[in-house]
file final-v8.cif (mmCIF, C-alpha atoms and all ligand atoms)
data_data
#
loop_
_atom_site.label_atom_id
_atom_site.label_comp_id
_atom_site.auth_asym_id
_atom_site.auth_seq_id
_atom_site.Cartn_x
_atom_site.Cartn_y
_atom_site.Cartn_z
CA MET Z 211 26.78 -12.50 -8.26
CA ASP Z 212 27.39 -14.68 -5.20
CA PRO Z 213 23.81 -15.78 -4.42
CA LYS Z 214 24.54 -15.69 -0.69
CA LYS Z 215 25.36 -11.99 -0.96
CA MET Z 216 22.29 -10.94 -2.90
CA LYS Z 217 20.89 -7.71 -1.48
CA MET Z 218 17.39 -8.00 -0.11
CA PRO Z 219 15.00 -5.34 -1.40
CA GLU Z 220 13.50 -2.91 1.07
CA LEU Z 221 9.87 -3.56 2.00
CA LEU Z 222 8.20 -0.15 1.80
CA ALA Z 223 4.76 0.23 3.36
CA PRO Z 224 2.09 2.96 3.33
CA ALA Z 225 1.43 4.87 6.56
CA GLY Z 226 -1.83 6.78 6.22
CA SER Z 227 -1.95 7.42 9.97
CA TYR Z 228 0.23 6.96 13.03
CA GLU Z 229 -1.58 3.75 13.94
CA LYS Z 230 -0.99 2.31 10.47
CA LEU Z 231 2.66 3.30 10.70
CA VAL Z 232 3.03 1.46 14.02
CA THR Z 233 1.26 -1.59 12.56
CA ALA Z 234 3.42 -1.63 9.41
CA ILE Z 235 6.55 -1.47 11.56
CA HIS Z 236 5.22 -4.13 13.94
CA TYR Z 237 4.80 -6.55 11.03
CA GLY Z 238 8.22 -5.91 9.51
CA ALA Z 239 8.30 -2.96 7.09
CA ASP Z 240 11.83 -1.70 6.39
CA ALA Z 241 10.55 1.73 5.45
CA VAL Z 242 7.28 3.68 5.42
CA TYR Z 243 5.99 6.55 3.34
CA LEU Z 244 3.54 9.15 4.49
CA GLY Z 245 2.17 12.55 3.56
CA GLY Z 246 2.11 15.85 5.37
CA LYS Z 247 -0.89 18.14 5.43
CA GLN Z 248 0.50 20.04 2.45
CA PHE Z 249 1.98 19.09 -0.93
CA SER Z 250 0.89 15.45 -0.77
CA LEU Z 251 -1.48 13.29 -2.80
CA ARG Z 252 -4.07 11.23 -0.88
CA ALA Z 253 -5.59 14.34 0.68
CA ARG Z 254 -8.11 12.21 2.61
CA ALA Z 255 -5.56 9.78 4.04
CA GLY Z 256 -5.48 11.50 7.44
CA ASN Z 257 -2.12 13.01 6.63
CA PHE Z 258 0.37 14.02 9.33
CA ASP Z 259 0.78 17.49 10.79
CA GLN Z 260 4.25 18.65 11.77
CA ALA Z 261 4.10 17.23 15.29
CA GLY Z 262 2.80 14.00 13.78
CA ILE Z 263 5.71 13.80 11.35
CA ARG Z 264 8.22 14.33 14.17
CA ARG Z 265 6.52 11.62 16.22
CA ALA Z 266 6.42 9.25 13.24
CA VAL Z 267 10.10 9.76 12.44
CA ALA Z 268 11.10 9.25 16.07
CA TYR Z 269 9.14 6.02 16.37
CA ALA Z 270 10.35 4.68 13.02
CA HIS Z 271 13.99 5.46 13.72
CA GLU Z 272 13.76 3.82 17.17
CA ASN Z 273 12.85 0.71 15.21
CA ASP Z 274 15.49 1.17 12.46
CA VAL Z 275 12.81 1.97 9.89
CA ARG Z 276 13.24 4.70 7.28
CA VAL Z 277 10.63 7.40 6.60
CA TYR Z 278 9.90 8.98 3.24
CA ILE Z 279 7.57 11.95 2.84
CA THR Z 280 5.38 12.43 -0.22
CA ILE Z 281 5.52 15.88 -1.82
CA ASN Z 282 3.96 14.58 -4.98
CA ILE Z 283 1.25 17.00 -6.06
CA PHE Z 284 1.45 18.53 -9.50
CA ALA Z 285 2.03 22.04 -8.22
CA HIS Z 286 0.64 25.34 -9.49
CA ASN Z 287 2.41 28.58 -8.60
CA GLN Z 288 0.32 29.20 -5.50
CA ASP Z 289 1.09 25.69 -4.28
CA LEU Z 290 4.74 26.64 -3.88
CA ASP Z 291 4.11 29.11 -1.06
CA ASN Z 292 5.85 27.89 2.11
CA LEU Z 293 7.49 24.98 0.27
CA ARG Z 294 11.02 25.96 1.29
CA ASP Z 295 10.01 26.29 4.95
CA TYR Z 296 8.31 22.92 4.81
CA LEU Z 297 11.37 21.28 3.24
CA CYS Z 298 13.61 22.73 5.98
CA PHE Z 299 11.17 21.44 8.59
CA LEU Z 300 11.34 17.93 7.07
CA ARG Z 301 15.13 17.99 7.04
CA ASP Z 302 15.24 19.10 10.67
CA ALA Z 303 12.66 16.45 11.61
CA GLY Z 304 15.11 13.82 10.30
CA VAL Z 305 13.12 12.31 7.44
CA ASP Z 306 15.11 10.00 5.19
CA GLY Z 307 13.83 11.02 1.78
CA LEU Z 308 11.31 13.00 -0.23
CA ILE Z 309 8.97 11.52 -2.84
CA ILE Z 310 8.54 14.08 -5.63
CA SER Z 311 6.93 14.08 -9.07
CA ASP Z 312 6.95 17.75 -10.13
CA PRO Z 313 10.23 19.01 -11.68
CA GLY Z 314 9.73 22.43 -10.08
CA ILE Z 315 9.41 20.94 -6.61
CA LEU Z 316 12.46 18.81 -7.37
CA LEU Z 317 14.44 21.93 -8.29
CA ILE Z 318 13.43 23.77 -5.12
CA ALA Z 319 14.18 20.70 -2.98
CA ARG Z 320 17.66 20.41 -4.44
CA GLU Z 321 18.31 24.10 -3.81
CA THR Z 322 16.89 24.05 -0.28
CA VAL Z 323 17.71 20.65 1.22
CA PRO Z 324 20.43 19.15 -1.01
CA GLU Z 325 21.36 16.69 1.72
CA LEU Z 326 18.01 14.86 1.49
CA GLU Z 327 17.45 11.85 -0.77
CA ILE Z 328 14.99 12.48 -3.57
CA HIS Z 329 12.79 9.65 -4.79
CA LEU Z 330 10.97 10.20 -8.06
CA SER Z 331 7.30 9.37 -7.72
CA THR Z 332 5.62 6.90 -10.05
CA GLN Z 333 3.49 9.84 -11.21
CA ALA Z 334 6.54 11.06 -13.15
CA ASN Z 335 6.14 8.06 -15.48
CA VAL Z 336 9.64 6.66 -15.92
CA THR Z 337 9.03 4.10 -18.65
CA ASN Z 338 12.45 3.87 -20.34
CA GLU Z 339 16.16 3.90 -19.57
CA ALA Z 340 16.78 7.33 -21.16
CA SER Z 341 14.09 8.83 -18.94
CA ALA Z 342 15.73 7.12 -15.97
CA ARG Z 343 19.13 8.60 -16.85
CA PHE Z 344 17.56 12.03 -17.33
CA TRP Z 345 16.04 12.08 -13.85
CA VAL Z 346 19.26 10.80 -12.30
CA SER Z 347 21.09 13.70 -14.00
CA GLN Z 348 18.62 16.01 -12.21
CA GLY Z 349 19.66 14.73 -8.80
CA VAL Z 350 17.12 11.99 -8.19
CA THR Z 351 18.54 9.26 -5.96
CA ARG Z 352 15.77 6.71 -6.41
CA LEU Z 353 13.32 6.04 -9.24
CA ASN Z 354 9.88 4.66 -8.51
CA LEU Z 355 9.22 3.24 -11.96
CA ALA Z 356 5.95 3.61 -13.85
CA ARG Z 357 3.48 0.80 -13.25
CA GLU Z 358 3.16 0.18 -16.99
CA LEU Z 359 6.41 -1.79 -17.31
CA GLY Z 360 7.17 -5.43 -18.00
CA LEU Z 361 9.95 -7.41 -16.33
CA ASP Z 362 12.18 -7.04 -19.42
CA GLU Z 363 11.83 -3.27 -19.35
CA ILE Z 364 12.55 -3.07 -15.63
CA ASN Z 365 15.65 -5.17 -16.27
CA GLN Z 366 16.78 -2.90 -19.12
CA ILE Z 367 16.45 0.15 -16.86
CA ARG Z 368 18.37 -1.74 -14.16
CA GLN Z 369 21.22 -2.27 -16.63
CA ALA Z 370 21.23 1.43 -17.59
CA THR Z 371 21.60 2.93 -14.11
CA ASP Z 372 23.05 2.18 -10.69
CA THR Z 373 20.49 4.47 -9.08
CA GLU Z 374 18.07 2.81 -6.70
CA LEU Z 375 14.96 1.39 -8.35
CA GLU Z 376 11.63 1.05 -6.60
CA VAL Z 377 8.67 -0.90 -7.97
CA PHE Z 378 5.03 -0.76 -6.93
CA PHE Z 379 4.20 -4.41 -6.51
CA HIS Z 380 0.97 -4.64 -4.53
CA GLY Z 381 -2.22 -2.58 -4.28
CA ALA Z 382 -4.94 -0.74 -6.17
CA LEU Z 383 -4.36 0.34 -9.76
CA CYS Z 384 -5.54 3.34 -11.71
CA ILE Z 385 -6.81 2.67 -15.21
CA SER Z 386 -5.11 5.92 -16.18
CA TYR Z 387 -1.40 6.24 -16.85
CA SER Z 388 0.38 6.14 -13.48
CA GLY Z 389 -2.37 8.20 -11.91
CA ARG Z 390 -2.61 10.96 -14.54
CA CYS Z 391 -6.36 11.25 -14.68
CA MET Z 392 -9.06 13.91 -14.91
CA LEU Z 393 -12.12 11.67 -14.40
CA SER Z 394 -12.55 12.73 -10.80
CA ASN Z 395 -12.21 16.39 -11.65
CA TYR Z 396 -14.89 16.17 -14.35
CA PHE Z 397 -17.38 14.18 -12.30
CA THR Z 398 -17.01 15.60 -8.82
CA GLY Z 399 -14.61 18.55 -8.98
CA ARG Z 400 -12.18 16.64 -6.80
CA ASP Z 401 -8.71 16.68 -8.29
CA ALA Z 402 -6.87 13.35 -8.40
CA ASN Z 403 -3.62 15.15 -9.07
CA GLN Z 404 -4.05 17.13 -5.87
CA GLY Z 405 -4.68 13.96 -3.90
CA ASP Z 406 -8.46 14.10 -3.74
CA CYS Z 407 -9.68 11.43 -6.17
CA SER Z 408 -13.30 10.32 -5.75
CA GLN Z 409 -12.56 7.12 -7.72
CA PRO Z 410 -15.17 7.43 -10.50
CA CYS Z 411 -13.33 4.64 -12.31
CA ARG Z 412 -15.10 2.39 -9.78
CA TYR Z 413 -18.58 3.72 -10.62
CA SER Z 414 -21.16 1.74 -12.59
CA TYR Z 415 -21.76 3.17 -16.09
CA LYS Z 416 -24.54 2.85 -18.65
CA LEU Z 417 -24.90 4.08 -22.23
CA VAL Z 418 -27.30 6.88 -23.27
CA GLU Z 419 -28.06 7.66 -26.94
CA GLU Z 420 -28.21 11.39 -27.66
CA LYS Z 421 -31.86 11.40 -28.85
CA ARG Z 422 -33.16 9.12 -26.10
CA PRO Z 423 -32.38 11.01 -22.89
CA GLY Z 424 -33.30 9.07 -19.80
CA GLN Z 425 -32.94 5.66 -21.50
CA TYR Z 426 -30.03 3.83 -20.04
CA PHE Z 427 -28.61 0.92 -21.99
CA PRO Z 428 -26.40 -1.58 -20.19
CA VAL Z 429 -22.92 -1.76 -21.65
CA VAL Z 430 -22.54 -5.33 -20.45
CA GLU Z 431 -25.68 -7.42 -19.94
CA ASP Z 432 -25.59 -8.08 -16.25
CA GLU Z 433 -28.18 -7.27 -13.64
CA ARG Z 434 -25.48 -5.61 -11.53
CA GLY Z 435 -24.59 -3.18 -14.31
CA THR Z 436 -21.04 -2.77 -15.48
CA TYR Z 437 -17.82 -1.40 -14.15
CA ILE Z 438 -15.92 -0.82 -17.37
CA PHE Z 439 -13.03 1.14 -15.85
CA ASN Z 440 -12.57 -0.98 -12.75
CA SER Z 441 -9.13 -2.56 -12.67
CA ARG Z 442 -8.28 -5.53 -10.52
CA ASP Z 443 -5.64 -4.93 -7.86
CA LEU Z 444 -1.96 -5.39 -8.57
CA CYS Z 445 -0.27 -8.38 -6.94
CA LEU Z 446 3.28 -9.46 -7.81
CA LEU Z 447 3.65 -12.00 -5.00
CA GLN Z 448 4.73 -14.74 -7.40
CA ARG Z 449 7.11 -12.33 -9.14
CA LEU Z 450 9.21 -11.55 -6.07
CA PRO Z 451 11.99 -13.90 -7.23
CA ASP Z 452 12.10 -12.18 -10.65
CA LEU Z 453 12.21 -8.70 -9.11
CA MET Z 454 14.94 -9.78 -6.69
CA ALA Z 455 16.94 -11.35 -9.52
CA ILE Z 456 16.76 -8.08 -11.47
CA GLY Z 457 18.11 -6.23 -8.44
CA VAL Z 458 15.17 -3.97 -7.59
CA ASP Z 459 16.09 -2.03 -4.43
CA SER Z 460 12.67 -1.34 -2.98
CA LEU Z 461 9.24 -2.96 -3.20
CA LYS Z 462 6.41 -0.57 -2.54
CA ILE Z 463 2.95 -1.44 -1.25
CA GLU Z 464 0.14 0.94 -2.29
CA GLY Z 465 -2.52 1.93 0.22
CA ARG Z 466 -2.30 5.00 2.45
CA MET Z 467 -6.13 5.03 2.37
CA LYS Z 468 -6.40 1.36 3.32
CA SER Z 469 -7.28 0.15 6.82
CA MET Z 470 -4.88 -0.68 9.60
CA GLY Z 471 -5.93 -4.34 9.30
CA TYR Z 472 -5.13 -4.42 5.59
CA VAL Z 473 -1.73 -2.77 6.02
CA GLY Z 474 -0.79 -5.15 8.83
CA ALA Z 475 -1.86 -8.28 6.95
CA ILE Z 476 -0.14 -7.30 3.70
CA VAL Z 477 3.14 -6.24 5.33
CA ARG Z 478 3.13 -9.44 7.39
CA LEU Z 479 2.63 -11.55 4.26
CA TYR Z 480 5.38 -9.90 2.26
CA ARG Z 481 7.83 -9.74 5.18
CA ALA Z 482 7.49 -13.49 5.53
CA ALA Z 483 7.73 -14.08 1.76
CA LEU Z 484 10.88 -11.98 1.41
CA ASP Z 485 12.46 -13.62 4.45
CA TRP Z 486 11.61 -17.07 3.08
CA LEU Z 487 13.25 -16.20 -0.25
CA GLY Z 488 16.26 -14.73 1.57
CA ASP Z 489 16.69 -17.98 3.48
CA GLN Z 490 16.56 -19.97 0.24
CA VAL Z 491 19.25 -17.78 -1.30
CA ALA Z 492 21.40 -17.97 1.83
CA ALA Z 493 21.17 -21.75 1.59
CA GLY Z 494 22.66 -21.54 -1.92
CA LYS Z 495 19.52 -21.81 -4.05
CA ALA Z 496 19.29 -19.65 -7.18
CA ILE Z 497 16.63 -17.00 -6.65
CA THR Z 498 15.09 -17.63 -10.08
CA SER Z 499 14.42 -21.26 -9.18
CA CYS Z 500 12.55 -20.37 -5.96
CA THR Z 501 8.77 -20.80 -5.87
CA LEU Z 502 6.87 -19.58 -2.84
CA PRO Z 503 5.01 -22.28 -0.90
CA VAL Z 504 1.25 -22.36 -1.42
CA TYR Z 505 0.50 -21.10 2.10
CA PHE Z 506 1.48 -17.60 0.96
CA SER Z 507 -1.28 -17.63 -1.68
CA LYS Z 508 -3.74 -19.00 0.87
CA GLU Z 509 -2.91 -16.16 3.21
CA LEU Z 510 -3.27 -13.65 0.38
CA ALA Z 511 -6.79 -14.96 -0.29
CA LYS Z 512 -7.83 -13.86 3.21
CA ILE Z 513 -6.96 -10.22 2.50
CA GLY Z 514 -9.54 -7.96 0.84
CA THR Z 515 -9.21 -7.47 -2.91
CA ARG Z 516 -11.00 -6.51 -6.11
CA GLY Z 517 -9.31 -9.54 -7.68
CA TRP Z 518 -5.66 -9.75 -8.67
CA THR Z 519 -3.71 -8.85 -11.79
CA GLU Z 520 -0.01 -8.77 -12.60
CA ASN Z 521 -0.76 -5.75 -14.79
CA PHE Z 522 1.97 -5.14 -17.43
CA ILE Z 523 4.55 -7.55 -16.05
CA GLU Z 524 4.24 -10.00 -18.99
CA GLY Z 525 2.91 -7.46 -21.51
CA PRO Z 526 -0.12 -5.15 -21.76
CA PRO Z 527 -3.10 -6.15 -19.60
CA LYS Z 528 -6.04 -7.94 -21.19
CA SER Z 529 -9.77 -7.92 -20.49
CA GLY Z 530 -9.29 -10.48 -17.70
CA ASP Z 531 -7.29 -7.90 -15.78
CA MET Z 532 -10.42 -5.79 -15.35
CA GLN Z 533 -13.27 -6.49 -12.94
CA TYR Z 534 -16.48 -5.73 -14.86
CA ASP Z 535 -19.13 -7.20 -12.59
CA SER Z 536 -18.40 -5.36 -9.36
CA SER Z 537 -16.14 -2.70 -7.96
CA ARG Z 538 -16.55 -3.82 -4.38
CA THR Z 539 -13.67 -5.25 -2.45
CA GLN Z 540 -14.23 -8.94 -1.84
CA GLN Z 541 -13.36 -9.71 1.73
CA SER Z 542 -13.95 -13.00 3.51
CA TRP Z 543 -12.00 -12.11 6.66
CA ALA Z 544 -11.93 -8.86 8.59
CA PRO Z 545 -9.76 -7.53 11.40
CA VAL Z 546 -11.72 -7.77 14.64
CA GLY Z 547 -9.29 -6.55 17.27
CA LEU Z 548 -5.92 -5.04 18.02
CA VAL Z 549 -3.85 -6.19 21.00
CA CYS Z 550 -3.39 -3.31 23.49
CA THR Z 551 -1.76 -5.31 26.29
CA ALA Z 552 -0.62 -8.91 26.35
CA SER Z 553 -1.32 -9.78 29.98
CA PRO Z 554 -4.17 -9.49 30.63
CA LEU Z 555 -5.08 -9.85 26.96
CA LEU Z 556 -6.75 -6.49 26.35
CA ILE Z 557 -7.91 -5.81 22.83
CA GLU Z 558 -9.60 -2.90 21.11
CA ALA Z 559 -12.45 -4.21 18.94
CA ARG Z 560 -12.39 -3.15 15.28
CA ASN Z 561 -15.47 -5.12 14.30
CA VAL Z 562 -18.24 -6.77 16.27
CA LEU Z 563 -16.78 -9.47 18.51
CA GLU Z 564 -18.96 -11.92 20.42
CA THR Z 565 -18.34 -14.57 23.01
CA GLY Z 566 -17.95 -17.88 21.19
CA ASP Z 567 -16.43 -16.32 18.06
CA GLN Z 568 -13.52 -18.15 16.48
CA ILE Z 569 -10.77 -15.69 15.72
CA GLU Z 570 -7.26 -15.85 14.28
CA TYR Z 571 -4.26 -14.29 15.94
CA LEU Z 572 -1.84 -12.86 13.37
CA GLY Z 573 1.61 -13.24 14.81
CA LYS Z 574 4.75 -12.19 13.04
CA ASN Z 575 6.36 -14.56 10.52
CA MET Z 576 3.03 -16.00 9.35
CA GLU Z 577 2.32 -17.54 12.74
CA THR Z 578 -1.50 -17.87 12.79
CA ILE Z 579 -3.26 -19.27 15.86
CA ILE Z 580 -7.00 -20.01 15.86
CA VAL Z 581 -8.73 -19.53 19.22
CA SER Z 582 -12.29 -19.23 20.55
CA VAL Z 583 -13.34 -16.31 22.71
CA THR Z 584 -14.60 -17.86 25.94
CA SER Z 585 -15.31 -14.67 27.91
CA MET Z 586 -15.03 -10.90 27.64
CA THR Z 587 -14.79 -8.26 30.35
CA ASN Z 588 -15.33 -4.59 29.60
CA GLU Z 589 -13.42 -1.66 31.05
CA ALA Z 590 -15.93 -1.35 33.92
CA GLY Z 591 -15.14 -4.94 34.93
CA ASP Z 592 -18.46 -6.39 33.70
CA GLN Z 593 -18.75 -9.62 31.74
CA VAL Z 594 -20.15 -8.89 28.27
CA GLU Z 595 -21.28 -11.06 25.38
CA ARG Z 596 -20.51 -8.54 22.67
CA ALA Z 597 -17.92 -5.85 21.94
CA ASN Z 598 -18.61 -3.17 19.34
CA PRO Z 599 -15.95 -1.37 17.28
CA GLY Z 600 -13.96 0.91 19.56
CA ASN Z 601 -14.76 -1.03 22.76
CA LYS Z 602 -11.84 -2.30 24.81
CA VAL Z 603 -12.30 -5.73 26.36
CA ILE Z 604 -10.17 -8.26 28.20
CA ILE Z 605 -10.66 -11.61 26.51
CA ASP Z 606 -10.08 -15.19 27.58
CA THR Z 607 -9.43 -17.69 24.83
CA ASP Z 608 -9.42 -21.41 24.26
CA PRO Z 609 -6.71 -22.47 23.73
CA PHE Z 610 -4.85 -19.98 25.90
CA LEU Z 611 -2.63 -17.70 23.84
CA PRO Z 612 0.80 -18.00 25.44
CA SER Z 613 2.50 -14.83 24.22
CA PRO Z 614 0.37 -12.39 22.26
CA GLU Z 615 2.24 -9.24 21.28
CA LYS Z 616 1.04 -5.69 21.66
CA GLY Z 617 0.12 -4.30 18.23
CA SER Z 618 -0.85 -7.68 16.72
CA ILE Z 619 -4.17 -8.16 14.95
CA PHE Z 620 -7.00 -10.63 15.43
CA ARG Z 621 -9.31 -11.34 12.51
CA LYS Z 622 -12.47 -13.35 11.99
CA LYS Z 623 -14.28 -14.91 9.07
CA LEU Z 624 -17.17 -12.84 7.78
CA ARG Z 625 -20.51 -14.62 7.64
S1 LIG Z 701 -10.58 8.06 -11.07
FE1 LIG Z 701 -9.64 6.05 -10.94
S2 LIG Z 701 -8.14 6.06 -12.60
FE2 LIG Z 701 -8.62 8.19 -12.19
S3 LIG Z 701 -7.08 8.85 -10.69
FE3 LIG Z 701 -8.90 8.18 -9.56
S4 LIG Z 701 -8.44 6.02 -9.03
FE4 LIG Z 701 -7.05 6.62 -10.73
#

call {"tool": "encode", "arguments": {"input": "final-v8.cif", "output": "structure tokens", "more": "lines below"}}
Ligand code: SF4
result
Amino acid sequence: MDPKKMKMPELLAPAGSYEKLVTAIHYGADAVYLGGKQFSLRARAGNFDQAGIRRAVAYAHENDVRVYITINIFAHNQDLDNLRDYLCFLRDAGVDGLIISDPGILLIARETVPELEIHLSTQANVTNEASARFWVSQGVTRLNLARELGLDEINQIRQATDTELEVFFHGALCISYSGRCMLSNYFTGRDANQGDCSQPCRYSYKLVEEKRPGQYFPVVEDERGTYIFNSRDLCLLQRLPDLMAIGVDSLKIEGRMKSMGYVGAIVRLYRAALDWLGDQVAAGKAITSCTLPVYFSKELAKIGTRGWTENFIEGPPKSGDMQYDSSRTQQSWAPVGLVCTASPLLIEARNVLETGDQIEYLGKNMETIIVSVTSMTNEAGDQVERANPGNKVIIDTDPFLPSPEKGSIFRKKLR
């Protein structure tokens, strides 16, 4: 392959709300995925109603960004009511593809809206090339591969099919097989396979012997208890060159439940990383010999995480890929404001912001500018020393920010 003609993979971002969709697009997503009120996992992600889907598609298409809709529940008969109407609505709304895991929903989609692309959800567990060929024979136009695959296996599937391949490469992991899990149902009655997981894999567990009820033995000796099912988060930042060399078509970020600040920071990071790699290739460098500069890892460290793992990419995960001592997200920086207008610099606070705070402006392309807040004026025109989440304030900064962009994020270090 001529290295200068290597196809760049699509950067596919989660859009759990309209604001997150706008933020993902602002920071450079090529495509977004979102769920409707029906038929979608992530029931608590603030999914889109029909007017919201139309609005999302219109905004995305204005910005040359594609929109995929999740219809990825494991359906029971009663779940199929109104499915055909919903599919026709999605076609008429102009969505670019459907993300499906259930073969029955796939069948009905092909019968009802054959013109729409069908992406097979990771929940369908494509782990081998024969499975990939099977789903392609059923009309699937893109395969989101199972998360339990190594680079060699992804490459073997690439060799077996020309169909588009999508890989989850960043975000939270389930300890169950590609999300097939009943833990939540047993503990809380909330069904993970209907999009309502209560995440009991993140709970702290102890051991009880049958004849000693009420005596709780620690499974790991640690005063904070143990989190035996708590996986670290997936991060394949350093594997981007390998995935590009294989010819993966789309790189998917997990996180429709994550915050606007998280989505913006992650999309920004990966947009810049992919563009940097693209520039290297365009300059004639072999993709496999590219190593991302260290500033990408430094930026990654500022984004909340339960710790990182590359999961199965070099073989089955080991104990170090779990996080036993805590299930809390470690976060040293937090988004503190969103730019509403550039001049005057009006921001909506997303965390407590005080006069004198040092904050970072997250521009596109990894541009990061550190400024101090020298004064704040609230919407009534009064000078204030503090803005609480939700407050809108005009801020003055030192140094002066020459060209902040609407939709950009400010963040600050947590104490
Ligand atoms: S309980 Fe944990 S492993 Fe099971 S579906 Fe929910 S997040 Fe995944």

call {"tool": "closest_residue", "arguments": {"input": "final-v8.cif", "among": "Z:Met586, Z:Ile513, Z:Val549, Z:Val350", "to": "Ser469 (chain Z)", "atoms": "only C-alpha atoms"}}
result
Z:Ile513

call {"tool": "closest_atom_pairs", "arguments": {"input": "final-v8.cif", "of": "chain Z", "to": "ligand LIG 701 (chain Z)", "cutoff": "6 Å", "atoms": "only C-alpha atoms and all ligand atoms", "output": "JSON lines"}}
result
{"residue": "Z:Cys384", "atom": "CA", "partner": "Z:LIG701", "partner_atom": "FE4", "distance": 3.7}
{"residue": "Z:Ile385", "atom": "CA", "partner": "Z:LIG701", "partner_atom": "S2", "distance": 4.5}
{"residue": "Z:Ser386", "atom": "CA", "partner": "Z:LIG701", "partner_atom": "S2", "distance": 4.7}
{"residue": "Z:Gly389", "atom": "CA", "partner": "Z:LIG701", "partner_atom": "S3", "distance": 4.9}
{"residue": "Z:Cys391", "atom": "CA", "partner": "Z:LIG701", "partner_atom": "FE2", "distance": 4.5}
{"residue": "Z:Leu393", "atom": "CA", "partner": "Z:LIG701", "partner_atom": "S1", "distance": 5.1}
{"residue": "Z:Ser394", "atom": "CA", "partner": "Z:LIG701", "partner_atom": "S1", "distance": 5.1}
{"residue": "Z:Ala402", "atom": "CA", "partner": "Z:LIG701", "partner_atom": "S3", "distance": 5.1}
{"residue": "Z:Cys407", "atom": "CA", "partner": "Z:LIG701", "partner_atom": "FE3", "distance": 4.8}
{"residue": "Z:Gln409", "atom": "CA", "partner": "Z:LIG701", "partner_atom": "S1", "distance": 4.0}
{"residue": "Z:Pro410", "atom": "CA", "partner": "Z:LIG701", "partner_atom": "S1", "distance": 4.7}
{"residue": "Z:Cys411", "atom": "CA", "partner": "Z:LIG701", "partner_atom": "FE1", "distance": 4.2}

call {"tool": "closest_residue", "arguments": {"input": "final-v8.cif", "among": "Z:Gln425, Z:Asp362, Z:Ala483, Z:Leu231", "to": "Ala268 (chain Z)", "atoms": "only C-alpha atoms"}}
result
Z:Leu231

call {"tool": "closest_residue", "arguments": {"input": "final-v8.cif", "among": "Z:Ile364, Z:Leu556, Z:Val242, Z:Ala334", "to": "Val277 (chain Z)", "atoms": "only C-alpha atoms"}}
result
Z:Val242

call {"tool": "residues_near_point", "arguments": {"input": "final-v8.cif", "point": "(7.7, 7.5, -6.9)", "cutoff": "9 Å", "atoms": "only C-alpha atoms", "output": "list of chain:residue names"}}
result
Z:Thr280, Z:Asn282, Z:Ile309, Z:Ile310, Z:Ser311, Z:His329, Z:Leu330, Z:Ser331, Z:Thr332, Z:Gln333, Z:Ala334, Z:Asn335, Z:Arg352, Z:Leu353, Z:Asn354, Z:Leu355, Z:Ala356, Z:Glu376, Z:Val377, Z:Phe378

call {"tool": "closest_residue", "arguments": {"input": "final-v8.cif", "among": "Z:Ala382, Z:Pro599, Z:Lys217, Z:Gly566", "to": "Lys468 (chain Z)", "atoms": "only C-alpha atoms"}}
result
Z:Ala382

call {"tool": "closest_residue", "arguments": {"input": "final-v8.cif", "among": "Z:Val346, Z:Leu510, Z:Leu624, Z:Ala559", "to": "Tyr480 (chain Z)", "atoms": "all atoms listed in the file"}}
result
Z:Leu510

call {"tool": "closest_residue", "arguments": {"input": "final-v8.cif", "among": "Z:His286, Z:Lys623, Z:Lys616, Z:His236", "to": "Ser542 (chain Z)", "atoms": "only C-alpha atoms"}}
result
Z:Lys623

call {"tool": "atom_distance", "arguments": {"input": "final-v8.cif", "atom1": "CA of Asp372 (chain Z)", "atom2": "CA of Pro527 (chain Z)"}}
result
28.9 Å

call {"tool": "atom_distance", "arguments": {"input": "final-v8.cif", "atom1": "CA of Gln593 (chain Z)", "atom2": "CA of Leu572 (chain Z)"}}
result
25.2 Å

call {"tool": "atom_distance", "arguments": {"input": "final-v8.cif", "atom1": "CA of Arg412 (chain Z)", "atom2": "CA of Glu524 (chain Z)"}}
result
24.7 Å

call {"tool": "residues_around", "arguments": {"input": "final-v8.cif", "residues": "Asp567 (chain Z)", "least_positions_apart": "4", "cutoff": "7 Å", "atoms": "all atoms listed in the file", "output": "number ranges by chain"}}
result
Z: 563, 582-583

call {"tool": "decode", "arguments": {"input": "final-v8.cif", "residues": "region 348-365 of chain Z", "atoms": "C-alpha atoms", "output": "JSON list (two decimals), in the first residue's frame"}}
result
[["chain", "number", "residue", "atom", "x", "y", "z"],
["Z", 348, "GLN", "CA", -26.80, -11.49, 6.70],
["Z", 349, "GLY", "CA", -26.47, -7.96, 5.34],
["Z", 350, "VAL", "CA", -24.29, -6.33, 7.97],
["Z", 351, "THR", "CA", -22.20, -3.52, 6.47],
["Z", 352, "ARG", "CA", -19.90, -2.93, 9.44],
["Z", 353, "LEU", "CA", -18.68, -5.18, 12.24],
["Z", 354, "ASN", "CA", -17.91, -3.76, 15.65],
["Z", 355, "LEU", "CA", -15.63, -6.55, 16.81],
["Z", 356, "ALA", "CA", -15.75, -8.15, 20.25],
["Z", 357, "ARG", "CA", -13.49, -6.51, 22.81],
["Z", 358, "GLU", "CA", -11.85, -9.84, 23.61],
["Z", 359, "LEU", "CA", -9.57, -9.86, 20.56],
["Z", 360, "GLY", "CA", -5.83, -9.51, 20.13],
["Z", 361, "LEU", "CA", -4.16, -7.59, 17.30],
["Z", 362, "ASP", "CA", -3.40, -10.85, 15.43],
["Z", 363, "GLU", "CA", -7.04, -11.88, 15.53],
["Z", 364, "ILE", "CA", -8.23, -8.47, 14.36],
["Z", 365, "ASN", "CA", -5.75, -8.74, 11.50]]
